Structure formats: structure tokens, C-alpha cells
Amino acid sequence: MVLIGDTVRLKVFFKTFDGTAVDPTNITLKIYDDTQQEIETININDTNKINVGVYFYDYVIPSGEGDLYFEFTGLVNNLPIVTRKLIKRSWL
């Protein structure tokens, strides 16, 4: 669980079917509320790159109730690649 107002580092590891790290094109990060409504879209570029296939974004947890979800997406060989995870937020 993370605290509202805190900064968390969201990280993704993009890999091919055989497990090889890969750099997608058109990478975006989307944040959704607990009703799966998109609340924010962030473009990810090389300033967010740690290594081949590894990207991050430092995100401030907004106030509100309910869980959040984050989704990193991109294209590899013109096919979508998607990763989603849950963020449980709390005031305490």
C-alpha cells in the first residue's frame, strides 16, 4: 500500500516472447481509477529509460479513494505490448 501524496517509482520490463529485453516504440503510461476510467496519460521517452526494455516514471499518488491501476504500453514490430499493475493507495 502506498500513501496519498507520496512519490512512487513505476517501472516496466518489456520483453519478447522468448524473454529478450526489447525497446518498444510509442511508449505511454496510463493511470486508471478503480472504475477503470483513465485519469492520466504520460508519454515515456529515453529520459525514462534505465536499460534496454526497462523504463520508469516517478508518480505522485493523487488524493481520492479506491485503488489505482497503471498501464505501460508500446509497440514491438507494430504489435502492442501491455503491462498493468495495481496501486493500493491509503491516507494512513
# chains A, B, ... in the order shown; residues from 1 in each chain; ligands from 1
>>> residues_around(residues="range 55-69 of chain A", least_positions_apart="5", cutoff="8 Å", atoms="only C-alpha atoms", output="MDAnalysis selection string")
chainID A and resid 2:13 31:34 36 44 48:50 84:90
>>> write_last_selection(atoms="N, CA and C atoms", output="tab-separated table (two decimals), in the first residue's frame")
chain	number	residue	atom	x	y	z
A	2	VAL	N	0.48	2.25	-0.74
A	2	VAL	CA	1.24	3.50	-0.80
A	2	VAL	C	0.39	4.64	-0.26
A	3	LEU	N	1.05	5.66	0.24
A	3	LEU	CA	0.36	6.79	0.84
A	3	LEU	C	0.03	7.86	-0.18
A	4	ILE	N	-1.18	8.41	-0.05
A	4	ILE	CA	-1.59	9.54	-0.88
A	4	ILE	C	-0.59	10.68	-0.66
A	5	GLY	N	-0.13	11.30	-1.73
A	5	GLY	CA	0.83	12.39	-1.66
A	5	GLY	C	2.28	11.94	-1.75
A	6	ASP	N	2.53	10.64	-1.66
A	6	ASP	CA	3.90	10.13	-1.75
A	6	ASP	C	4.28	9.92	-3.22
A	7	THR	N	5.56	9.91	-3.50
A	7	THR	CA	6.06	9.64	-4.84
A	7	THR	C	6.49	8.19	-4.92
A	8	VAL	N	6.02	7.49	-5.94
A	8	VAL	CA	6.41	6.10	-6.17
A	8	VAL	C	7.06	6.01	-7.54
A	9	ARG	N	7.95	5.05	-7.69
A	9	ARG	CA	8.58	4.82	-8.99
A	9	ARG	C	7.87	3.64	-9.66
A	10	LEU	N	7.18	3.93	-10.75
A	10	LEU	CA	6.52	2.89	-11.53
A	10	LEU	C	7.53	2.40	-12.56
A	11	LYS	N	7.66	1.09	-12.67
A	11	LYS	CA	8.70	0.53	-13.53
A	11	LYS	C	8.12	-0.59	-14.39
A	12	VAL	N	8.64	-0.71	-15.59
A	12	VAL	CA	8.21	-1.76	-16.51
A	12	VAL	C	9.43	-2.43	-17.13
A	13	PHE	N	9.30	-3.73	-17.39
A	13	PHE	CA	10.33	-4.52	-18.06
A	13	PHE	C	9.69	-5.10	-19.32
A	31	ILE	N	-2.81	6.00	-16.25
A	31	ILE	CA	-3.27	5.77	-14.89
A	31	ILE	C	-4.79	5.69	-14.93
A	32	TYR	N	-5.34	4.67	-14.28
A	32	TYR	CA	-6.78	4.45	-14.22
A	32	TYR	C	-7.25	4.45	-12.77
A	33	ASP	N	-8.51	4.87	-12.56
A	33	ASP	CA	-9.08	4.78	-11.22
A	33	ASP	C	-9.68	3.38	-11.03
A	34	ASP	N	-10.32	3.16	-9.87
A	34	ASP	CA	-10.83	1.82	-9.58
A	34	ASP	C	-12.05	1.43	-10.40
A	36	GLN	N	-11.83	1.79	-13.68
A	36	GLN	CA	-11.10	1.63	-14.94
A	36	GLN	C	-11.29	2.81	-15.89
A	44	ILE	N	6.25	8.37	-22.49
A	44	ILE	CA	7.52	7.90	-21.94
A	44	ILE	C	8.57	7.96	-23.05
A	48	ASN	N	13.30	8.40	-19.49
A	48	ASN	CA	12.72	7.46	-18.53
A	48	ASN	C	13.30	6.06	-18.69
A	49	LYS	N	14.36	5.93	-19.45
A	49	LYS	CA	14.94	4.61	-19.74
A	49	LYS	C	16.09	4.31	-18.78
A	50	ILE	N	16.05	3.11	-18.20
A	50	ILE	CA	17.12	2.66	-17.31
A	50	ILE	C	18.09	1.76	-18.07
A	84	ARG	N	0.08	-4.17	-16.96
A	84	ARG	CA	-0.76	-3.46	-16.00
A	84	ARG	C	-0.48	-3.96	-14.58
A	85	LYS	N	-0.59	-3.03	-13.63
A	85	LYS	CA	-0.43	-3.39	-12.22
A	85	LYS	C	-1.32	-2.52	-11.35
A	86	LEU	N	-1.56	-3.00	-10.16
A	86	LEU	CA	-2.43	-2.36	-9.18
A	86	LEU	C	-1.61	-1.48	-8.24
A	87	ILE	N	-2.18	-0.34	-7.89
A	87	ILE	CA	-1.61	0.53	-6.84
A	87	ILE	C	-2.68	0.67	-5.76
A	88	LYS	N	-2.41	0.14	-4.59
A	88	LYS	CA	-3.33	0.30	-3.47
A	88	LYS	C	-2.93	1.56	-2.71
A	89	ARG	N	-3.83	2.53	-2.67
A	89	ARG	CA	-3.46	3.78	-2.00
A	89	ARG	C	-4.24	3.95	-0.70
A	90	SER	N	-3.62	4.68	0.21
A	90	SER	CA	-4.22	4.90	1.53
A	90	SER	C	-3.76	6.25	2.07
>>> residues_around(residues="Lys30 in chain A", least_positions_apart="2", cutoff="8 Å", atoms="only C-alpha atoms", output="PyMOL selection string")
chain A and resi 28+32+38-42+70-72
>>> atom_distance(atom1="CA of Asp46 in chain A", atom2="CA of Asn26 in chain A")
11.1 Å
>>> atom_distance(atom1="CA of Thr35 in chain A", atom2="CA of Met1 in chain A")
18.4 Å
>>> atom_distance(atom1="CA of Val52 in chain A", atom2="CA of Phe14 in chain A")
8.4 Å
>>> residues_around(residues="Ile27 in chain A", least_positions_apart="2", cutoff="6 Å", atoms="only C-alpha atoms", output="number ranges by chain")
A: 25, 44, 73-74
>>> write_last_selection(atoms="N, CA, C and O atoms", output="compact mmCIF listing (two decimals), in the first residue's frame")
# COMPACT_ATOMS: atom_id res chain seq x y z
N THR A 25 8.38 1.10 -29.32
CA THR A 25 8.17 2.47 -29.76
C THR A 25 6.84 2.95 -29.18
O THR A 25 6.03 2.15 -28.71
N ILE A 44 6.25 8.37 -22.49
CA ILE A 44 7.52 7.90 -21.94
C ILE A 44 8.57 7.96 -23.05
O ILE A 44 8.32 7.52 -24.17
N THR A 73 2.28 0.82 -22.16
CA THR A 73 2.04 0.21 -23.46
C THR A 73 3.08 0.71 -24.46
O THR A 73 3.67 1.76 -24.28
N GLY A 74 3.27 -0.06 -25.50
CA GLY A 74 4.16 0.31 -26.59
C GLY A 74 3.92 -0.60 -27.78
O GLY A 74 3.01 -1.44 -27.76
